[in-house]
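Printed here is structure-v5.csv (CSV, C-alpha atoms):
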```csv
chain,number,residue,atom,x,y,z
A,20,MET,CA,-6.9,-16.9,0.4
A,21,ALA,CA,-6.6,-17.0,4.1
A,22,GLY,CA,-8.0,-19.9,6.1
A,23,ASN,CA,-6.7,-23.1,7.7
A,24,SER,CA,-3.6,-23.8,5.7
A,25,GLU,CA,-1.5,-26.9,5.4
A,26,PRO,CA,1.6,-26.7,7.7
A,27,LEU,CA,4.8,-25.9,5.8
A,28,SER,CA,6.5,-28.8,4.0
A,29,PRO,CA,9.9,-29.9,5.1
A,30,ARG,CA,11.4,-28.2,2.0
A,31,ALA,CA,9.6,-25.0,2.8
A,32,LYS,CA,10.8,-25.1,6.4
A,33,LEU,CA,14.4,-25.7,5.2
A,34,ALA,CA,14.0,-22.7,2.8
A,35,VAL,CA,12.8,-20.4,5.6
A,36,THR,CA,15.6,-21.6,8.0
A,37,ALA,CA,18.3,-21.1,5.3
A,38,GLY,CA,17.0,-17.7,4.4
A,39,LYS,CA,17.0,-16.5,8.0
A,40,ALA,CA,20.6,-17.8,8.4
A,41,ALA,CA,21.7,-16.0,5.3
A,42,ALA,CA,20.0,-12.8,6.5
A,43,ALA,CA,21.8,-13.1,9.9
A,44,VAL,CA,25.2,-13.5,8.2
A,45,SER,CA,24.5,-10.5,6.1
A,46,ARG,CA,23.5,-8.4,9.1
A,47,ALA,CA,26.6,-9.6,11.1
A,48,ALA,CA,28.7,-8.5,8.1
A,49,GLY,CA,27.2,-5.0,8.3
A,50,ARG,CA,25.5,-5.3,5.0
A,51,GLY,CA,22.0,-4.0,5.9
A,52,SER,CA,19.0,-5.9,7.2
A,53,GLY,CA,19.7,-9.0,5.1
A,54,SER,CA,16.0,-9.3,4.0
A,55,VAL,CA,16.8,-9.4,0.3
A,56,ILE,CA,19.6,-12.0,0.4
A,57,GLY,CA,17.6,-14.1,2.9
A,58,GLY,CA,14.6,-14.1,0.6
A,59,ARG,CA,16.7,-14.9,-2.5
A,60,VAL,CA,18.2,-18.0,-0.7
A,61,ALA,CA,14.8,-19.1,0.5
A,62,LEU,CA,13.2,-18.8,-2.9
A,63,LYS,CA,16.1,-20.7,-4.5
A,64,LEU,CA,15.4,-23.6,-2.3
A,65,ASP,CA,11.6,-23.4,-2.7
A,66,PRO,CA,10.4,-21.3,-5.6
A,67,ASP,CA,6.8,-21.6,-4.4
A,68,LEU,CA,7.6,-20.4,-0.9
A,69,LEU,CA,5.9,-16.9,-1.2
A,70,GLY,CA,2.5,-18.5,-1.9
A,71,ARG,CA,3.0,-21.1,0.9
A,72,LEU,CA,3.8,-18.4,3.4
A,73,ALA,CA,0.8,-16.3,2.5
A,74,GLN,CA,-1.7,-19.3,2.7
A,75,HIS,CA,-2.9,-18.5,6.3
A,76,LEU,CA,-3.0,-14.7,5.8
A,77,ASP,CA,-5.6,-12.2,4.6
A,78,VAL,CA,-3.2,-10.2,2.3
A,79,VAL,CA,-3.4,-6.7,1.0
A,80,LEU,CA,-0.9,-5.5,-1.6
A,81,VAL,CA,0.0,-1.9,-2.0
A,82,SER,CA,1.6,-0.6,-5.3
A,83,ALA,CA,2.3,2.9,-6.7
A,84,THR,CA,5.2,5.1,-7.9
A,85,ASN,CA,4.9,7.3,-4.8
A,86,GLY,CA,3.5,6.7,-1.3
A,87,LYS,CA,3.7,2.9,-1.2
A,88,THR,CA,5.8,2.6,2.0
A,89,THR,CA,3.8,5.2,3.9
A,90,THR,CA,0.4,3.7,2.9
A,91,THR,CA,1.6,0.2,3.7
A,92,ARG,CA,2.5,1.4,7.2
A,93,LEU,CA,-0.9,3.2,7.7
A,94,ILE,CA,-2.9,0.2,6.6
A,95,ALA,CA,-0.8,-2.1,8.8
A,96,GLU,CA,-1.6,0.2,11.8
A,97,ALA,CA,-5.3,0.2,11.0
A,98,LEU,CA,-5.5,-3.6,10.6
A,99,ARG,CA,-3.7,-4.2,13.9
A,100,ALA,CA,-7.1,-3.1,15.5
A,101,SER,CA,-8.4,-6.6,14.6
A,102,GLY,CA,-5.4,-8.9,14.6
A,103,PRO,CA,-1.6,-9.4,14.3
A,104,VAL,CA,0.0,-8.0,11.1
A,105,VAL,CA,3.1,-9.0,9.2
A,106,SER,CA,4.5,-6.4,6.8
A,107,ASN,CA,7.6,-5.5,4.8
A,108,ALA,CA,7.7,-2.2,6.7
A,109,LEU,CA,11.2,-1.2,5.6
A,110,GLY,CA,10.3,-1.2,1.9
A,111,ALA,CA,12.0,-4.3,0.6
A,112,ASN,CA,9.3,-4.7,-2.0
A,113,MET,CA,10.4,-7.2,-4.6
A,114,PRO,CA,9.7,-11.0,-4.2
A,115,ALA,CA,12.8,-11.8,-2.2
A,116,GLY,CA,12.2,-9.0,0.3
A,117,ILE,CA,8.5,-9.9,0.5
A,118,THR,CA,9.3,-13.6,1.1
A,119,SER,CA,11.7,-12.6,4.0
A,120,ALA,CA,9.0,-10.4,5.6
A,121,LEU,CA,6.3,-13.1,5.4
A,122,ALA,CA,8.7,-15.8,6.8
A,123,GLY,CA,8.7,-13.8,10.0
A,124,GLY,CA,5.0,-13.7,10.4
A,125,SER,CA,3.8,-17.2,11.2
A,126,ASP,CA,1.4,-16.0,13.9
A,127,ALA,CA,0.0,-13.1,11.9
A,128,LYS,CA,-3.6,-12.8,10.7
A,129,TYR,CA,-3.0,-10.1,8.0
A,130,GLY,CA,-0.2,-9.5,5.5
A,131,VAL,CA,0.2,-5.9,4.5
A,132,ILE,CA,2.7,-5.9,1.6
A,133,GLU,CA,4.3,-3.1,-0.4
A,134,VAL,CA,5.0,-4.3,-4.0
A,135,ASP,CA,7.2,-2.7,-6.6
A,136,GLU,CA,5.1,-1.8,-9.6
A,137,LYS,CA,6.9,-4.1,-12.0
A,138,TYR,CA,6.2,-7.1,-9.7
A,139,LEU,CA,2.6,-6.5,-8.8
A,140,ALA,CA,1.0,-9.0,-11.2
A,141,GLY,CA,3.4,-11.8,-10.3
A,142,VAL,CA,3.1,-11.3,-6.5
A,143,ALA,CA,-0.7,-11.1,-6.8
A,144,ARG,CA,-0.7,-14.4,-8.6
A,145,ASP,CA,1.4,-16.0,-5.9
A,146,VAL,CA,-0.3,-14.8,-2.8
A,147,GLU,CA,-4.0,-14.5,-3.9
A,148,PRO,CA,-4.6,-11.2,-2.0
A,149,LYS,CA,-7.9,-10.2,-0.5
A,150,ALA,CA,-7.3,-6.6,-1.4
A,151,ILE,CA,-5.0,-4.6,-3.7
A,152,ALA,CA,-4.4,-0.8,-3.3
A,153,LEU,CA,-3.3,1.2,-6.4
A,154,LEU,CA,-2.3,4.8,-5.6
A,155,ASN,CA,-0.7,6.4,-8.7
A,156,LEU,CA,1.6,5.8,-11.7
A,157,SER,CA,4.2,8.3,-12.8
A,158,ARG,CA,7.6,8.3,-14.4
A,159,ASP,CA,10.5,7.0,-12.2
A,160,GLN,CA,14.0,5.6,-12.9
A,161,LEU,CA,14.0,6.7,-16.5
A,162,ASP,CA,16.9,4.5,-17.5
A,163,ARG,CA,15.1,1.2,-16.8
A,164,ALA,CA,11.4,1.6,-15.9
A,165,ALA,CA,8.9,0.8,-18.6
A,166,GLU,CA,6.9,3.8,-19.8
A,167,THR,CA,4.0,4.4,-17.5
A,168,ARG,CA,1.3,3.2,-19.9
A,169,MET,CA,3.1,-0.1,-20.3
A,170,LEU,CA,3.2,-0.5,-16.6
A,171,ALA,CA,-0.6,0.3,-16.4
A,172,GLU,CA,-1.1,-2.3,-19.2
A,173,LYS,CA,0.8,-4.9,-17.1
A,174,TRP,CA,-1.4,-4.2,-14.1
A,175,ARG,CA,-4.5,-4.3,-16.2
A,176,GLU,CA,-3.6,-7.7,-17.6
A,177,GLY,CA,-2.3,-9.1,-14.3
A,178,LEU,CA,-5.4,-8.0,-12.3
A,179,SER,CA,-7.9,-9.3,-14.9
A,180,GLY,CA,-9.7,-12.3,-13.3
A,181,SER,CA,-8.3,-11.6,-9.8
A,182,LYS,CA,-10.8,-12.1,-6.9
A,183,ALA,CA,-9.2,-9.3,-4.9
A,184,VAL,CA,-11.1,-6.1,-4.1
A,185,VAL,CA,-9.1,-3.4,-5.8
A,186,ILE,CA,-9.0,0.0,-4.0
A,187,ALA,CA,-7.9,2.5,-6.7
A,188,ASN,CA,-7.3,6.2,-7.1
A,189,ALA,CA,-10.1,7.6,-9.3
A,190,ASP,CA,-8.1,10.8,-10.0
A,191,ASP,CA,-5.2,9.0,-11.9
A,192,PRO,CA,-6.4,8.0,-15.4
A,193,LEU,CA,-3.6,5.4,-15.7
A,194,VAL,CA,-4.6,3.7,-12.4
A,195,VAL,CA,-8.3,3.8,-13.4
A,196,TRP,CA,-7.5,2.1,-16.7
A,197,ALA,CA,-5.4,-0.5,-15.0
A,198,ALA,CA,-8.0,-1.2,-12.3
A,199,SER,CA,-10.9,-1.3,-14.8
A,200,SER,CA,-10.2,-4.9,-15.7
A,201,SER,CA,-11.1,-6.0,-12.2
A,202,ALA,CA,-14.5,-7.3,-11.2
A,203,ASN,CA,-14.6,-5.5,-7.8
A,204,VAL,CA,-13.2,-2.0,-7.6
A,205,VAL,CA,-13.6,0.6,-4.8
A,206,TRP,CA,-12.8,4.0,-6.2
A,207,VAL,CA,-11.2,6.6,-4.0
A,208,ALA,CA,-10.9,10.3,-4.8
A,209,ALA,CA,-7.3,10.8,-3.5
A,210,GLY,CA,-6.3,13.6,-5.8
A,211,GLN,CA,-3.4,13.9,-8.3
A,212,GLU,CA,-1.1,16.9,-8.2
A,213,TRP,CA,1.3,15.6,-10.8
A,214,LYS,CA,-0.5,15.3,-14.1
A,215,ASP,CA,2.3,15.2,-16.7
A,216,ASP,CA,2.2,11.4,-17.1
A,217,ALA,CA,-1.6,11.3,-17.9
A,218,TRP,CA,-2.3,13.9,-20.6
A,219,SER,CA,-3.1,11.2,-23.2
A,220,CYS,CA,-5.9,8.7,-22.8
A,221,PRO,CA,-4.5,5.3,-21.8
A,222,ALA,CA,-7.3,3.5,-23.6
A,223,CYS,CA,-7.1,5.2,-27.1
A,224,GLY,CA,-4.3,7.8,-27.0
A,225,GLY,CA,-6.7,10.7,-27.4
A,226,VAL,CA,-6.1,14.0,-25.5
A,227,MET,CA,-7.5,14.0,-21.9
A,228,GLN,CA,-9.8,16.9,-21.0
A,229,ARG,CA,-9.5,18.1,-17.4
A,230,PRO,CA,-12.2,20.4,-16.3
A,231,GLY,CA,-11.7,21.1,-12.6
A,232,ASP,CA,-11.1,17.9,-10.7
A,233,ASP,CA,-12.8,15.8,-13.4
A,234,TRP,CA,-11.2,14.2,-16.4
A,235,PHE,CA,-12.4,12.4,-19.5
A,236,CYS,CA,-11.2,11.5,-23.0
A,237,GLY,CA,-13.1,13.5,-25.7
A,238,GLU,CA,-12.5,10.7,-28.2
A,239,CYS,CA,-13.4,7.4,-26.7
A,240,GLY,CA,-15.5,8.4,-23.6
A,241,PHE,CA,-13.1,6.9,-21.0
A,242,ARG,CA,-13.8,9.0,-17.9
A,243,ARG,CA,-13.3,9.4,-14.2
A,244,PRO,CA,-15.4,6.9,-12.2
A,245,ALA,CA,-17.6,8.2,-9.4
A,246,PRO,CA,-15.7,7.6,-6.2
A,247,SER,CA,-17.2,6.1,-3.1
A,248,TRP,CA,-14.5,7.3,-0.7
A,249,ALA,CA,-13.0,10.8,-0.9
A,250,LEU,CA,-10.4,13.1,0.7
A,251,SER,CA,-12.2,16.4,1.5
A,252,GLY,CA,-9.9,18.9,3.3
A,253,ASP,CA,-9.0,17.3,6.7
A,254,HIS,CA,-11.7,14.6,6.5
A,255,VAL,CA,-12.4,11.2,4.9
A,256,LEU,CA,-15.8,10.9,3.3
A,257,ASP,CA,-17.0,7.3,3.5
A,258,PRO,CA,-19.5,5.6,1.1
A,259,HIS,CA,-22.4,6.5,3.5
A,260,GLY,CA,-21.6,10.2,3.3
A,261,SER,CA,-20.1,10.4,6.8
A,262,ALA,CA,-17.0,12.6,7.4
A,263,TRP,CA,-14.3,11.3,9.6
A,264,PRO,CA,-11.5,13.7,10.8
A,265,ILE,CA,-7.9,12.8,9.8
A,266,HIS,CA,-5.4,13.4,12.6
A,267,LEU,CA,-1.9,12.5,11.4
A,268,GLN,CA,1.6,13.2,12.7
A,269,LEU,CA,2.8,12.9,9.1
A,270,PRO,CA,2.7,16.1,7.2
A,271,GLY,CA,1.1,17.2,3.9
A,272,ARG,CA,-1.9,16.6,1.6
A,273,ALA,CA,-0.3,13.5,0.1
A,274,ASN,CA,-0.4,11.7,3.4
A,275,LYS,CA,-4.0,12.7,4.0
A,276,ALA,CA,-4.7,11.0,0.6
A,277,ASN,CA,-2.7,8.0,1.7
A,278,ALA,CA,-4.8,7.9,4.9
A,279,THR,CA,-8.0,8.1,2.9
A,280,THR,CA,-7.0,5.1,0.7
A,281,SER,CA,-5.9,3.2,3.9
A,282,ALA,CA,-9.3,3.8,5.5
A,283,ALA,CA,-11.0,2.4,2.4
A,284,VAL,CA,-8.7,-0.7,2.5
A,285,ALA,CA,-9.3,-1.2,6.3
A,286,ALA,CA,-13.1,-1.1,5.7
A,287,VAL,CA,-12.7,-4.1,3.3
A,288,PHE,CA,-11.3,-6.0,6.3
A,289,GLY,CA,-14.1,-4.8,8.6
A,290,VAL,CA,-12.2,-2.1,10.5
A,291,PRO,CA,-14.4,1.1,10.7
A,292,PRO,CA,-13.0,4.4,9.5
A,293,GLN,CA,-13.0,6.0,12.9
A,294,VAL,CA,-10.9,3.1,14.4
A,295,ALA,CA,-8.6,3.0,11.4
A,296,LEU,CA,-7.9,6.7,11.4
A,297,GLU,CA,-7.3,6.9,15.1
A,298,ARG,CA,-4.7,4.1,14.8
A,299,MET,CA,-2.9,5.9,12.0
A,300,TYR,CA,-2.2,8.8,14.3
A,301,GLN,CA,0.5,6.7,16.0
A,302,VAL,CA,2.7,6.8,12.9
A,303,GLN,CA,5.3,9.5,13.4
A,304,ALA,CA,7.9,8.6,10.7
A,305,VAL,CA,8.2,5.8,8.1
A,306,ALA,CA,11.6,4.3,7.5
A,307,GLY,CA,13.2,7.6,8.6
A,308,ARG,CA,11.0,9.8,6.3
A,309,TYR,CA,9.6,12.9,8.1
A,310,ASP,CA,11.9,12.3,11.1
A,311,VAL,CA,13.4,15.4,12.7
A,312,VAL,CA,17.0,14.7,13.9
A,313,SER,CA,19.5,16.9,15.8
A,314,PHE,CA,22.8,17.2,14.0
A,315,LEU,CA,25.6,19.7,14.5
A,316,GLY,CA,23.4,22.0,16.5
A,317,ARG,CA,20.6,22.1,13.9
A,318,GLU,CA,17.2,20.3,13.5
A,319,LEU,CA,17.1,18.4,10.2
A,320,ARG,CA,13.8,17.2,8.9
A,321,LEU,CA,14.5,14.3,6.5
A,322,LEU,CA,12.3,14.2,3.4
A,323,LEU,CA,12.4,11.6,0.6
A,324,ALA,CA,11.6,12.5,-3.0
A,325,LYS,CA,12.5,10.0,-5.7
A,326,ASN,CA,10.9,11.4,-8.9
A,327,PRO,CA,9.2,14.5,-10.2
A,328,ALA,CA,5.8,13.7,-8.7
A,329,GLY,CA,7.4,13.1,-5.3
A,330,TRP,CA,9.4,16.3,-5.4
A,331,LEU,CA,6.3,18.3,-6.2
A,332,GLU,CA,4.5,16.9,-3.2
A,333,THR,CA,7.5,17.4,-1.0
A,334,PHE,CA,7.8,21.1,-1.9
A,335,SER,CA,4.3,21.6,-0.5
A,336,LEU,CA,5.4,20.2,2.9
A,337,ILE,CA,8.4,22.4,3.7
A,338,ASP,CA,8.4,25.4,6.0
A,339,PRO,CA,8.2,28.8,4.3
A,340,PRO,CA,11.3,30.9,3.5
A,341,PRO,CA,13.8,31.7,4.9
A,342,THR,CA,14.0,28.1,6.2
A,343,PRO,CA,17.2,26.7,4.7
A,344,VAL,CA,16.9,23.7,2.3
A,345,ILE,CA,19.5,21.1,1.6
A,346,LEU,CA,19.0,19.1,-1.6
A,347,SER,CA,20.9,15.8,-2.2
A,348,VAL,CA,20.7,13.8,-5.4
A,349,ASN,CA,22.5,10.5,-6.3
A,350,ALA,CA,22.2,8.4,-9.4
A,351,ARG,CA,23.2,4.9,-8.3
A,352,GLY,CA,21.6,1.7,-9.3
A,353,ALA,CA,18.7,1.9,-6.9
A,354,ASP,CA,17.9,5.5,-8.0
A,355,GLY,CA,18.1,5.0,-11.7
A,356,THR,CA,21.3,6.4,-13.4
A,357,ASP,CA,19.5,8.9,-15.7
A,358,THR,CA,19.1,12.4,-14.1
A,359,SER,CA,17.2,14.0,-16.9
A,360,TRP,CA,14.1,13.9,-14.6
A,361,LEU,CA,15.6,16.9,-12.8
A,362,TRP,CA,14.4,19.1,-15.7
A,363,ASP,CA,10.8,18.0,-15.0
A,364,VAL,CA,10.8,19.3,-11.5
A,365,ASP,CA,9.7,22.9,-10.9
A,366,TYR,CA,12.5,24.1,-8.6
A,367,THR,CA,11.3,27.7,-8.8
A,368,ARG,CA,9.0,26.7,-5.9
A,369,LEU,CA,12.1,27.0,-3.7
A,370,ALA,CA,12.6,30.7,-4.5
A,371,GLY,CA,13.5,32.6,-1.3
A,372,HIS,CA,15.0,29.6,0.5
A,373,PRO,CA,18.7,29.5,1.1
A,374,ILE,CA,19.7,26.3,-0.8
A,375,VAL,CA,22.7,24.0,-0.5
A,376,VAL,CA,23.3,21.2,-2.9
A,377,ILE,CA,25.1,17.9,-2.1
A,378,GLY,CA,25.2,14.3,-3.3
A,379,ASP,CA,26.9,12.4,-6.1
A,380,ARG,CA,25.1,14.4,-8.8
A,381,ARG,CA,25.3,17.8,-7.1
A,382,LEU,CA,26.6,19.4,-10.3
A,383,ASP,CA,23.7,18.1,-12.4
A,384,LEU,CA,21.4,19.6,-9.9
A,385,ALA,CA,23.4,22.8,-9.7
A,386,VAL,CA,23.0,23.3,-13.5
A,387,ARG,CA,19.2,22.8,-13.1
A,388,LEU,CA,19.0,25.4,-10.3
A,389,GLU,CA,21.2,27.8,-12.2
A,390,VAL,CA,18.8,27.6,-15.2
A,391,ALA,CA,15.8,28.1,-12.8
A,392,GLY,CA,17.5,31.4,-11.6
A,393,LEU,CA,17.8,30.3,-8.0
A,394,ASP,CA,20.6,31.2,-5.5
A,395,PHE,CA,22.3,28.2,-4.1
A,396,ARG,CA,25.7,26.9,-2.9
A,397,VAL,CA,27.4,23.5,-3.6
A,398,SER,CA,28.9,21.5,-0.8
A,399,ASP,CA,31.0,18.3,-0.8
A,400,THR,CA,29.6,16.9,2.4
A,401,LEU,CA,26.5,16.9,4.5
A,402,ASP,CA,28.4,18.3,7.5
A,403,GLU,CA,29.6,21.3,5.5
A,404,ALA,CA,26.1,22.0,4.1
A,405,VAL,CA,24.6,21.9,7.6
A,406,GLN,CA,27.2,24.3,8.9
A,407,LEU,CA,26.4,26.8,6.2
A,408,SER,CA,23.0,27.2,7.7
A,409,PRO,CA,22.1,29.0,10.9
A,410,PRO,CA,21.0,27.1,14.0
A,411,GLY,CA,17.3,26.0,13.8
A,412,ARG,CA,15.2,23.9,11.3
A,413,ILE,CA,16.7,22.7,8.0
A,414,GLU,CA,14.6,20.9,5.4
A,415,LEU,CA,16.6,18.2,3.8
A,416,ILE,CA,15.2,16.6,0.6
A,417,ALA,CA,17.0,13.6,-0.9
A,418,ASN,CA,16.4,10.9,-3.4
A,419,TYR,CA,16.6,7.2,-2.5
A,420,THR,CA,20.3,6.3,-2.0
A,421,ALA,CA,21.1,9.9,-1.0
A,422,PHE,CA,18.5,9.6,1.7
A,423,GLN,CA,20.1,6.4,3.0
A,424,ASP,CA,23.5,8.2,3.0
A,425,VAL,CA,22.1,11.0,5.1
A,426,ARG,CA,20.4,8.6,7.6
A,427,ARG,CA,23.7,6.8,8.1
A,428,ARG,CA,25.6,10.0,8.7
A,429,VAL,CA,23.1,11.5,11.2
A,430,GLY,CA,22.8,8.1,13.0
A,431,ASN,CA,19.1,7.6,12.2
```
Encoding of this model in structure tokens:
Amino acid sequence: MAGNSEPLSPRAKLAVTAGKAAAAVSRAAGRGSGSVIGGRVALKLDPDLLGRLAQHLDVVLVSATNGKTTTTRLIAEALRASGPVVSNALGANMPAGITSALAGGSDAKYGVIEVDEKYLAGVARDVEPKAIALLNLSRDQLDRAAETRMLAEKWREGLSGSKAVVIANADDPLVVWAASSSANVVWVAAGQEWKDDAWSCPACGGVMQRPGDDWFCGECGFRRPAPSWALSGDHVLDPHGSAWPIHLQLPGRANKANATTSAAVAAVFGVPPQVALERMYQVQAVAGRYDVVSFLGRELRLLLAKNPAGWLETFSLIDPPPTPVILSVNARGADGTDTSWLWDVDYTRLAGHPIVVIGDRRLDLAVRLEVAGLDFRVSDTLDEAVQLSPPGRIELIANYTAFQDVRRRVGN
């Protein structure tokens, strides 16, 4: 936990220096930010470096299938109200990337760290966080991710005995089951639009009952806990029953939910909801997401959607028809190579929009849209897809590496 820490050992200092040098070489070679390779080099030289770098920080970890990067950014903005923050703002969320981020934050008071779901238990063990935010769990990267209940079980085991305050989404049964092993949980009613990964009880396998916004297992009695924080329309309700207006530049209900969780986290660190929410207004885009860029005489809004739950939330953000929509899907290593998830997405929600399909797996997506009965065109390049649309706004929705491809092409 934070406090007066020992200065870094000579070995740790060497590891940090070598890591920064490796990152600089990687950047100079045009291979991205270098944060991952830098972290790998540093951890090789000092395997305990992550814990050492976190010694002087009050740390909050953020984990989920969807919304990690945005929520991390919102919490970081809120906590800056009471001190300097170090954060892995660009989403390098495995131990190497986290180590790189913390190595740059020697003067920080807080560490706000996004963590990949599979690494949460290990990182929590290393950095002894003051708070852990758990937003949701749904299927993602089907070729290699553990089934969602197995991930929830890993979380449950990893958080058992942790001294951290766990801020958890009361509306996601998998998250509730995972968080219930913790001694100190703050429940947040953040909502859950995608329910297909939580129809069976994680505790006993029974069928979940879902009357209204509630949920419970008819067989073992596992049920939704009473939340102390809640999203209600455009307001955050705090534990005292006060309603605080949410003013965000980021669009959609999902981001209001992220802001609600972020306000609950900020309160653990002594930042009041009004101050936290005011600071969140400054966030306009997160690692390029939600940015509007001018390209070939059109205005492209860049939206990231990596899995069925993310696509569902993104469809609720887009402007109504006849706004054109470009969809881009890849299946490279970072995306997961299995595209069968496309069949879990309700693409009929795009009816009435002119649709153009691009990306490595455009033909997989074309088959899916054909079956959904939608009109669409297939293009080989982003430029061609954009030129098929009239001047004005275009909604561009892409999965992970496809999103990076688009950002590079539009110079964002």
So the first atom is CA of Leu250 (chain A) and the second is CA of Asn85 (chain A); what is the distance between them in Å, to one decimal place?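 Result for CA of Leu250 (chain A) versus CA of Asn85 (chain A): 17.3 Å, one decimal.
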Using all atoms listed in the file, which of A:Ala304, A:Ala171, A:Leu361, A:Val44 sits nearest Leu382 (chain A)? A:Leu361
What does the structure give for the distance between CA of Ala198 (chain A) and CA of Pro292 (chain A), in Å to one decimal?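 Computed distance, CA of Ala198 (chain A) to CA of Pro292 (chain A), equals 23.1 Å.
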Taking (-5.4, -1.3, 2.5) as a centre in this file's frame and 6 Å as the limit, can you find every polymer residue with an atom that close, using all atoms listed in the file, and give them as a PyMOL selection string? chain A and resi 79+94+152+281+284-285
Show me the residues around (22.0, 20.1, 9.1) - criterion: an atom at most 10 Å away, only C-alpha atoms counted - as a PDB file with C-alpha atoms, in the coordinates of the input.
```
ATOM      1  CA  VAL A 312      17.000  14.700  13.900  1.00  0.00           C
ATOM      2  CA  SER A 313      19.500  16.900  15.800  1.00  0.00           C
ATOM      3  CA  PHE A 314      22.800  17.200  14.000  1.00  0.00           C
ATOM      4  CA  LEU A 315      25.600  19.700  14.500  1.00  0.00           C
ATOM      5  CA  GLY A 316      23.400  22.000  16.500  1.00  0.00           C
ATOM      6  CA  ARG A 317      20.600  22.100  13.900  1.00  0.00           C
ATOM      7  CA  GLU A 318      17.200  20.300  13.500  1.00  0.00           C
ATOM      8  CA  LEU A 319      17.100  18.400  10.200  1.00  0.00           C
ATOM      9  CA  ARG A 320      13.800  17.200   8.900  1.00  0.00           C
ATOM     10  CA  LEU A 321      14.500  14.300   6.500  1.00  0.00           C
ATOM     11  CA  PRO A 343      17.200  26.700   4.700  1.00  0.00           C
ATOM     12  CA  VAL A 344      16.900  23.700   2.300  1.00  0.00           C
ATOM     13  CA  ILE A 345      19.500  21.100   1.600  1.00  0.00           C
ATOM     14  CA  LEU A 401      26.500  16.900   4.500  1.00  0.00           C
ATOM     15  CA  ASP A 402      28.400  18.300   7.500  1.00  0.00           C
ATOM     16  CA  GLU A 403      29.600  21.300   5.500  1.00  0.00           C
ATOM     17  CA  ALA A 404      26.100  22.000   4.100  1.00  0.00           C
ATOM     18  CA  VAL A 405      24.600  21.900   7.600  1.00  0.00           C
ATOM     19  CA  GLN A 406      27.200  24.300   8.900  1.00  0.00           C
ATOM     20  CA  LEU A 407      26.400  26.800   6.200  1.00  0.00           C
ATOM     21  CA  SER A 408      23.000  27.200   7.700  1.00  0.00           C
ATOM     22  CA  PRO A 409      22.100  29.000  10.900  1.00  0.00           C
ATOM     23  CA  PRO A 410      21.000  27.100  14.000  1.00  0.00           C
ATOM     24  CA  GLY A 411      17.300  26.000  13.800  1.00  0.00           C
ATOM     25  CA  ARG A 412      15.200  23.900  11.300  1.00  0.00           C
ATOM     26  CA  ILE A 413      16.700  22.700   8.000  1.00  0.00           C
ATOM     27  CA  GLU A 414      14.600  20.900   5.400  1.00  0.00           C
ATOM     28  CA  LEU A 415      16.600  18.200   3.800  1.00  0.00           C
ATOM     29  CA  VAL A 425      22.100  11.000   5.100  1.00  0.00           C
ATOM     30  CA  VAL A 429      23.100  11.500  11.200  1.00  0.00           C
TER      31      VAL A 429
END
```
How close does region 237-335 of chain A get to region 224-233 of chain A? List, as a tab-separated table, each residue of region 237-335 of chain A within 10 Å, its nearest atom pair and the distance in Å to one decimal, counting all atoms listed in the file.
```
residue	atom	partner	partner_atom	distance
A:Gly237	CA	A:Gln228	CA	6.7
A:Glu238	CA	A:Gly225	CA	5.9
A:Cys239	CA	A:Gly225	CA	7.5
A:Gly240	CA	A:Gly225	CA	9.9
A:Phe241	CA	A:Met227	CA	9.1
A:Arg242	CA	A:Asp233	CA	8.2
A:Arg243	CA	A:Asp233	CA	6.5
A:Pro244	CA	A:Asp233	CA	9.3
A:Ala245	CA	A:Asp233	CA	9.8
```
Residue nearest Asn112 (chain A) among A:Gln268, A:Ser335, A:Gln74, A:Thr91 (counting only C-alpha atoms):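 With only C-alpha atoms as the atom set, the closest residue is A:Thr91.
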Which residues are close to Ala40 (chain A), i.e. within 12 Å by all atoms listed in the file, leaving aside same-chain residues fewer than 3 positions away? Reply as a VMD selection string. chain A and resid 33 to 37 43 to 47 53 to 54 56 to 61 119
Distance of CA of Ser398 (chain A) from CA of Val386 (chain A), expressed in Å to one decimal place: 14.1 Å
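Between Glu96 (chain A) and the candidates A:Tyr300, A:Trp213, A:Trp196, A:Trp248, the tightest atom-to-atom separation, counting all atoms listed in the file, involves A:Tyr300.
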From the set A:Arg396, A:Lys173, A:His254, A:Arg272, which residue has the shortest atom-to-atom contact distance to Glu212 (chain A), counting all atoms listed in the file?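 Selected residue with least distance to Glu212 (chain A): A:Arg272.
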Using only C-alpha atoms, which residues sit within 10 Å of Pro341 (chain A) once same-chain residues fewer than 3 positions away are excluded, as an MDAnalysis selection string? chainID A and resid 338 344 369:374 413
Keeping C-alpha atoms for every residue in the selection just given, could you write it to a file as an mmCIF file, in the frame of the given file?
```cif
data_model
loop_
_atom_site.group_PDB
_atom_site.id
_atom_site.type_symbol
_atom_site.label_atom_id
_atom_site.label_comp_id
_atom_site.auth_asym_id
_atom_site.auth_seq_id
_atom_site.Cartn_x
_atom_site.Cartn_y
_atom_site.Cartn_z
ATOM 1 C CA ASP A 338 8.400 25.400 6.000
ATOM 2 C CA VAL A 344 16.900 23.700 2.300
ATOM 3 C CA LEU A 369 12.100 27.000 -3.700
ATOM 4 C CA ALA A 370 12.600 30.700 -4.500
ATOM 5 C CA GLY A 371 13.500 32.600 -1.300
ATOM 6 C CA HIS A 372 15.000 29.600 0.500
ATOM 7 C CA PRO A 373 18.700 29.500 1.100
ATOM 8 C CA ILE A 374 19.700 26.300 -0.800
ATOM 9 C CA ILE A 413 16.700 22.700 8.000
#
```
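Every protein, DNA or RNA residue with an atom at most 10 Å from Thr420 (chain A), where all atoms listed in the file count and chain neighbours fewer than 5 positions away do not, is listed here: Leu323, Lys325, Ser347, Val348, Asn349, Ala350, Arg351, Gly352, Ala353, Asp354, Gly378, Asp379, Val425 and Arg426 of chain A.
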